[in-house]
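Everything on this sheet refers to the single structure shown next.
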Amino acid sequence: MKKARLIYNPTSGREEMRRLLPDILERLDRAGIETSCHATTGEGDATREASEAVDRGYDIIMAAGGDGTLNEVINGMAGKNDLPPLGIFPLGTTNDFARAMGIPKRWEDYCDLVIENKTRPIDIGIANGRHFINIAGGGSLTELTYEVPSRLKTMIGQLAYYMKGIEKMASLSPIRLEIRAEGLDLIEGEFMLFLIANSNSVGGFEKLAPDARIDDGMLDVIALKKCNLAEFIRLVTMALRGDHFNDPRVVYFKTSKMEVSSPDHVQLNLDGELGGELPGVFEILPQHLRIFA
Ligand SMILES: Nc1ncnc2c1ncn2[C@@H]1O[C@H](COP(=O)(O)OP(=O)(O)OP(=O)(O)O)[C@@H](O)[C@H]1O
């Protein structure tokens, strides 16, 4: 019998896990996967649990929650080698990564993928030693995700981001950046934000980094040069359609390693959570983890 560890955040999204848990466990058990569970209690708990689960030799680790929980589980696992495959039950408000991976919405369908052992390899990003799977970034609007209170997200879901986004628009200010990427000349100047995508679904913008592939060993970097509010809104609208690459204010390239520094105070956002600040070294661990997908 395979042994699995399920780490779930009972407060994620609309708090569905409490209701689904018995059915998920029964379905896995009937297929020969004996699953023990851990309900997270707060920040950092999923990281500790995931690290311990790798050390204890579980055959499968599963994360149930939003992008925050998933990022914590990845951080518990990714520093080690010979990792067991990871299952992802997306229960958050955004679930960017799960959407990018085409993870089925129905828990029954996802259990079947785990049971049939259907996995694919994924790259893992590193930012100053911390891991991310979907997106890293800094600058205006990238602070959005952690400024939206979790209860508000539970109650009104995606709408919370847009409300907060509109509120933030008035305080857009540029940051000074120096970007050094392997094989490229120094990029420097004033930017509104920079984003480093590992997958091609970022904050609900599916065409923001359309060429980003989760298993190509590369990071897709998009930086937006200084602009005013009206131009910014126009560019965001263009990004929804994937037309932003034609604008001279958009810098885009692929790299496997880069360094970003700034004389300004710039916080980093990793998969929607606070991730330290600049300067930063960003790298990729090619095909480091297998996920059920
Ligand atoms: N029992 C708990 N009570 C409160 N917070 C918790 C608990 N367990 C974990 N957390 C914290 O909640 C954070 C956010 O959780 P998560 O991402 O799973 O849900 P979400 O915020 O609903 O989803 P999304 O990130 O997709 O919006 C986690 O990073 C974790 O630190």
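Scheme for the structure tokens: letters A, B, ... for chains in order shown; per-chain residue numbers from 1; ligand numbers from 1 in order shown.
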
(message) How would you report the residues lying within 6 Å of ligand 1, as a PyMOL selection string, if you count only C-alpha atoms and all ligand atoms?
(response) chain A and resi 9-13+40-44+65-69+92-95+150+154

Selected residues written out with N, CA and C atoms, as a tab-separated table (two decimals), in the first residue's frame:
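Dumped to result-v8.tsv:
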```
chain	number	residue	atom	x	y	z
A	9	ASN	N	-5.02	23.44	4.25
A	9	ASN	CA	-5.33	24.66	5.00
A	9	ASN	C	-6.85	24.72	5.19
A	10	PRO	N	-7.32	24.54	6.43
A	10	PRO	CA	-8.77	24.49	6.64
A	10	PRO	C	-9.45	25.84	6.39
A	11	THR	N	-8.66	26.93	6.30
A	11	THR	CA	-9.26	28.26	6.10
A	11	THR	C	-9.24	28.72	4.64
A	12	SER	N	-8.67	27.90	3.74
A	12	SER	CA	-8.51	28.34	2.34
A	12	SER	C	-9.82	28.54	1.62
A	13	GLY	N	-9.81	29.51	0.72
A	13	GLY	CA	-10.95	29.73	-0.17
A	13	GLY	C	-12.25	29.80	0.61
A	40	THR	N	-3.25	22.65	8.59
A	40	THR	CA	-2.28	23.69	8.97
A	40	THR	C	-2.91	24.64	9.99
A	41	THR	N	-2.04	25.21	10.83
A	41	THR	CA	-2.54	26.06	11.91
A	41	THR	C	-2.17	27.53	11.70
A	42	GLY	N	-1.28	27.80	10.76
A	42	GLY	CA	-0.87	29.19	10.52
A	42	GLY	C	0.35	29.23	9.64
A	43	GLU	N	0.91	30.42	9.50
A	43	GLU	CA	2.04	30.62	8.60
A	43	GLU	C	3.23	29.72	8.94
A	44	GLY	N	3.80	29.10	7.92
A	44	GLY	CA	5.01	28.29	8.11
A	44	GLY	C	4.75	26.84	8.43
A	65	GLY	N	-5.29	23.70	-0.68
A	65	GLY	CA	-5.41	25.08	-0.21
A	65	GLY	C	-5.25	26.02	-1.37
A	66	GLY	N	-4.89	27.25	-1.07
A	66	GLY	CA	-4.68	28.24	-2.11
A	66	GLY	C	-3.23	28.29	-2.54
A	67	ASP	N	-2.88	29.30	-3.32
A	67	ASP	CA	-1.50	29.43	-3.81
A	67	ASP	C	-0.51	29.61	-2.65
A	68	GLY	N	-0.96	30.22	-1.55
A	68	GLY	CA	-0.09	30.42	-0.40
A	68	GLY	C	0.32	29.09	0.24
A	69	THR	N	-0.64	28.22	0.43
A	69	THR	CA	-0.36	26.91	1.01
A	69	THR	C	0.54	26.11	0.07
A	92	GLY	N	-8.13	27.64	-3.20
A	92	GLY	CA	-7.98	29.07	-2.88
A	92	GLY	C	-8.89	29.95	-3.72
A	93	THR	N	-8.66	31.24	-3.62
A	93	THR	CA	-9.49	32.17	-4.39
A	93	THR	C	-8.96	32.32	-5.82
A	94	THR	N	-7.64	32.21	-6.00
A	94	THR	CA	-7.09	32.43	-7.34
A	94	THR	C	-6.60	31.14	-8.00
A	95	ASN	N	-5.82	30.32	-7.30
A	95	ASN	CA	-5.33	29.05	-7.84
A	95	ASN	C	-4.70	29.20	-9.22
A	150	SER	N	-7.27	37.79	4.21
A	150	SER	CA	-7.72	36.45	3.88
A	150	SER	C	-9.24	36.26	4.06
A	154	THR	N	-12.03	35.07	1.35
A	154	THR	CA	-12.94	33.95	1.55
A	154	THR	C	-14.37	34.36	1.20
```

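Here the question is which of A:Ala127, A:Met238, A:Asp112, A:Lys257 gets nearest to Gly183 of chain A using only C-alpha atoms, and that residue is A:Lys257.
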
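Distances from A:Tyr110, A:Leu285, A:Thr35, A:Gly102 to Ala78 of chain A were compared using only C-alpha atoms, and the smallest one belongs to A:Leu285.
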
(message) Applying 12 Å and only C-alpha atoms, which residues near Asp220 of chain A remain after dropping the ones on its own chain fewer than 5 positions away? List them as a ChimeraX atom specification.
(response) /A:125,134-137,181,194-202,208-214,251-258,282-284

Selection from above, N, CA and C atoms, as an mmCIF file, in the first residue's frame, can you write it?
```
data_model
loop_
_atom_site.group_PDB
_atom_site.id
_atom_site.type_symbol
_atom_site.label_atom_id
_atom_site.label_comp_id
_atom_site.auth_asym_id
_atom_site.auth_seq_id
_atom_site.Cartn_x
_atom_site.Cartn_y
_atom_site.Cartn_z
ATOM 1 N N GLY A 125 11.326 27.742 -9.307
ATOM 2 C CA GLY A 125 12.106 28.977 -9.266
ATOM 3 C C GLY A 125 12.709 29.196 -7.882
ATOM 4 N N ASN A 134 5.229 29.648 -9.484
ATOM 5 C CA ASN A 134 4.421 30.320 -10.490
ATOM 6 C C ASN A 134 5.017 31.659 -10.893
ATOM 7 N N ILE A 135 5.231 32.525 -9.914
ATOM 8 C CA ILE A 135 5.567 33.907 -10.240
ATOM 9 C C ILE A 135 6.350 34.575 -9.117
ATOM 10 N N ALA A 136 7.342 35.348 -9.517
ATOM 11 C CA ALA A 136 8.021 36.225 -8.560
ATOM 12 C C ALA A 136 7.943 37.621 -9.149
ATOM 13 N N GLY A 137 7.976 38.635 -8.319
ATOM 14 C CA GLY A 137 7.935 39.981 -8.874
ATOM 15 C C GLY A 137 8.090 41.048 -7.827
ATOM 16 N N ALA A 181 21.119 39.723 -16.528
ATOM 17 C CA ALA A 181 20.715 38.351 -16.859
ATOM 18 C C ALA A 181 21.800 37.737 -17.731
ATOM 19 N N PHE A 194 8.359 44.450 -12.199
ATOM 20 C CA PHE A 194 8.935 43.344 -12.969
ATOM 21 C C PHE A 194 8.311 42.048 -12.477
ATOM 22 N N LEU A 195 8.110 41.127 -13.412
ATOM 23 C CA LEU A 195 7.507 39.839 -13.100
ATOM 24 C C LEU A 195 8.375 38.737 -13.675
ATOM 25 N N ILE A 196 8.543 37.662 -12.927
ATOM 26 C CA ILE A 196 9.322 36.528 -13.395
ATOM 27 C C ILE A 196 8.387 35.328 -13.377
ATOM 28 N N ALA A 197 7.999 34.872 -14.556
ATOM 29 C CA ALA A 197 6.982 33.824 -14.634
ATOM 30 C C ALA A 197 7.621 32.467 -14.900
ATOM 31 N N ASN A 198 7.152 31.476 -14.156
ATOM 32 C CA ASN A 198 7.578 30.096 -14.408
ATOM 33 C C ASN A 198 6.488 29.368 -15.199
ATOM 34 N N SER A 199 5.230 29.722 -14.938
ATOM 35 C CA SER A 199 4.124 29.151 -15.719
ATOM 36 C C SER A 199 3.458 30.283 -16.506
ATOM 37 N N ASN A 200 2.492 29.938 -17.347
ATOM 38 C CA ASN A 200 1.894 30.974 -18.185
ATOM 39 C C ASN A 200 0.552 31.499 -17.679
ATOM 40 N N SER A 201 0.222 31.216 -16.416
ATOM 41 C CA SER A 201 -0.999 31.818 -15.873
ATOM 42 C C SER A 201 -0.639 32.628 -14.643
ATOM 43 N N VAL A 202 -0.751 33.916 -14.761
ATOM 44 C CA VAL A 202 -0.266 34.807 -13.719
ATOM 45 C C VAL A 202 -1.366 35.766 -13.314
ATOM 46 N N LEU A 208 -0.274 36.889 -20.263
ATOM 47 C CA LEU A 208 0.799 37.776 -19.812
ATOM 48 C C LEU A 208 2.168 37.250 -20.234
ATOM 49 N N ALA A 209 2.388 35.958 -20.039
ATOM 50 C CA ALA A 209 3.657 35.338 -20.441
ATOM 51 C C ALA A 209 3.315 34.058 -21.200
ATOM 52 N N PRO A 210 2.755 34.205 -22.410
ATOM 53 C CA PRO A 210 2.193 33.039 -23.097
ATOM 54 C C PRO A 210 3.227 31.972 -23.449
ATOM 55 N N ASP A 211 4.499 32.377 -23.557
ATOM 56 C CA ASP A 211 5.530 31.397 -23.922
ATOM 57 C C ASP A 211 6.174 30.715 -22.727
ATOM 58 N N ALA A 212 5.780 31.113 -21.512
ATOM 59 C CA ALA A 212 6.390 30.495 -20.334
ATOM 60 C C ALA A 212 5.968 29.021 -20.274
ATOM 61 N N ARG A 213 6.938 28.140 -20.109
ATOM 62 C CA ARG A 213 6.652 26.710 -19.993
ATOM 63 C C ARG A 213 7.196 26.231 -18.663
ATOM 64 N N ILE A 214 6.390 25.448 -17.991
ATOM 65 C CA ILE A 214 6.720 25.030 -16.632
ATOM 66 C C ILE A 214 7.901 24.045 -16.579
ATOM 67 N N VAL A 251 9.576 45.240 -21.535
ATOM 68 C CA VAL A 251 10.827 44.509 -21.764
ATOM 69 C C VAL A 251 10.526 43.032 -21.491
ATOM 70 N N TYR A 252 10.921 42.172 -22.409
ATOM 71 C CA TYR A 252 10.622 40.743 -22.230
ATOM 72 C C TYR A 252 11.819 39.901 -22.646
ATOM 73 N N PHE A 253 12.201 38.955 -21.805
ATOM 74 C CA PHE A 253 13.258 38.005 -22.189
ATOM 75 C C PHE A 253 13.148 36.740 -21.342
ATOM 76 N N LYS A 254 13.870 35.698 -21.791
ATOM 77 C CA LYS A 254 13.935 34.443 -21.035
ATOM 78 C C LYS A 254 15.344 34.280 -20.503
ATOM 79 N N THR A 255 15.469 33.722 -19.319
ATOM 80 C CA THR A 255 16.795 33.482 -18.757
ATOM 81 C C THR A 255 16.711 32.333 -17.750
ATOM 82 N N SER A 256 17.876 31.764 -17.428
ATOM 83 C CA SER A 256 17.867 30.746 -16.372
ATOM 84 C C SER A 256 18.433 31.305 -15.069
ATOM 85 N N LYS A 257 19.041 32.503 -15.165
ATOM 86 C CA LYS A 257 19.559 33.119 -13.939
ATOM 87 C C LYS A 257 19.649 34.630 -14.107
ATOM 88 N N MET A 258 19.235 35.390 -13.116
ATOM 89 C CA MET A 258 19.423 36.845 -13.193
ATOM 90 C C MET A 258 19.512 37.475 -11.814
ATOM 91 N N PHE A 282 17.753 35.338 -8.917
ATOM 92 C CA PHE A 282 16.661 34.464 -9.333
ATOM 93 C C PHE A 282 17.213 33.362 -10.228
ATOM 94 N N GLU A 283 16.883 32.126 -9.868
ATOM 95 C CA GLU A 283 17.396 30.981 -10.634
ATOM 96 C C GLU A 283 16.294 29.960 -10.820
ATOM 97 N N ILE A 284 16.631 28.889 -11.521
ATOM 98 C CA ILE A 284 15.631 27.851 -11.756
ATOM 99 C C ILE A 284 16.224 26.466 -11.514
#
```

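Comparing the minimum interatomic distances between Ile291 of chain A and each of A:Arg14, A:Lys2, A:His244, A:Arg120, counting only C-alpha atoms, we find that A:Arg120 sits nearest.
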
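With only C-alpha atoms as the basis for measurement, A:Ala39 is the residue among A:Leu20, A:Ala53, A:Leu274, A:Ala39 that approaches Ile7 of chain A most closely.
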
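You will find atom CA of Gly275 of chain A at 19.9 Å from atom CA of Lys80 of chain A.
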
(request) From segment 51-130 of chain A, collect each residue whose DSSP state is strand (DSSP E or B) and return the set as a PyMOL selection string. (result) chain A and resi 60-65+86-90+119-127+130

Restricted to C-alpha atoms, what would the selected residues look like written as a PDB file, in the first residue's frame?
```
ATOM      1  CA  ILE A  60       3.049  10.935  -2.198  1.00  0.00           C
ATOM      2  CA  ILE A  61       2.606  14.420  -0.724  1.00  0.00           C
ATOM      3  CA  MET A  62      -0.575  16.400  -1.378  1.00  0.00           C
ATOM      4  CA  ALA A  63      -1.294  20.066  -0.744  1.00  0.00           C
ATOM      5  CA  ALA A  64      -4.859  21.344  -0.436  1.00  0.00           C
ATOM      6  CA  GLY A  65      -5.410  25.077  -0.206  1.00  0.00           C
ATOM      7  CA  LEU A  86       3.097  16.260  -5.293  1.00  0.00           C
ATOM      8  CA  GLY A  87      -0.685  16.381  -5.578  1.00  0.00           C
ATOM      9  CA  ILE A  88      -2.500  19.726  -5.621  1.00  0.00           C
ATOM     10  CA  PHE A  89      -6.122  20.254  -4.583  1.00  0.00           C
ATOM     11  CA  PRO A  90      -6.818  23.891  -5.501  1.00  0.00           C
ATOM     12  CA  THR A 119       2.626  12.954 -13.277  1.00  0.00           C
ATOM     13  CA  ARG A 120       4.582  15.623 -15.132  1.00  0.00           C
ATOM     14  CA  PRO A 121       7.868  17.314 -14.241  1.00  0.00           C
ATOM     15  CA  ILE A 122       7.973  21.000 -13.301  1.00  0.00           C
ATOM     16  CA  ASP A 123      10.740  23.562 -12.842  1.00  0.00           C
ATOM     17  CA  ILE A 124      11.026  25.334  -9.501  1.00  0.00           C
ATOM     18  CA  GLY A 125      12.106  28.977  -9.266  1.00  0.00           C
ATOM     19  CA  ILE A 126      14.467  30.224  -6.559  1.00  0.00           C
ATOM     20  CA  ALA A 127      14.523  33.823  -5.308  1.00  0.00           C
ATOM     21  CA  ARG A 130      13.245  30.785  -1.333  1.00  0.00           C
TER      22      ARG A 130
END
```

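Among the candidates A:Leu6, A:Ile175, A:Leu193, A:Val221, the residue lying nearest to Ile33 of chain A is A:Leu6 (atoms considered: only C-alpha atoms).
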
(request) Provide the atom CA of Arg56 of chain A to atom CA of Asn128 of chain A distance in Å, to one decimal place. (result) 27.0 Å

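Each of A:Glu178, A:Asp29, A:Asp45, A:Glu206 was compared to Gly242 of chain A using only C-alpha atoms, and A:Glu206 turns out to be the nearest.
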
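A straight line drawn from atom CA of Gly57 of chain A to atom CA of Leu270 of chain A is 27.5 Å long.
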
(request) From a DSSP calculation on the backbone, collect every residue of segment 24-262 of chain A in helix (DSSP H, G or I) and output the set as a ChimeraX atom specification. (result) /A:24-30,45-55,67-77,96-100,107-115,144-147,150-156,159-169,229-241,244-246
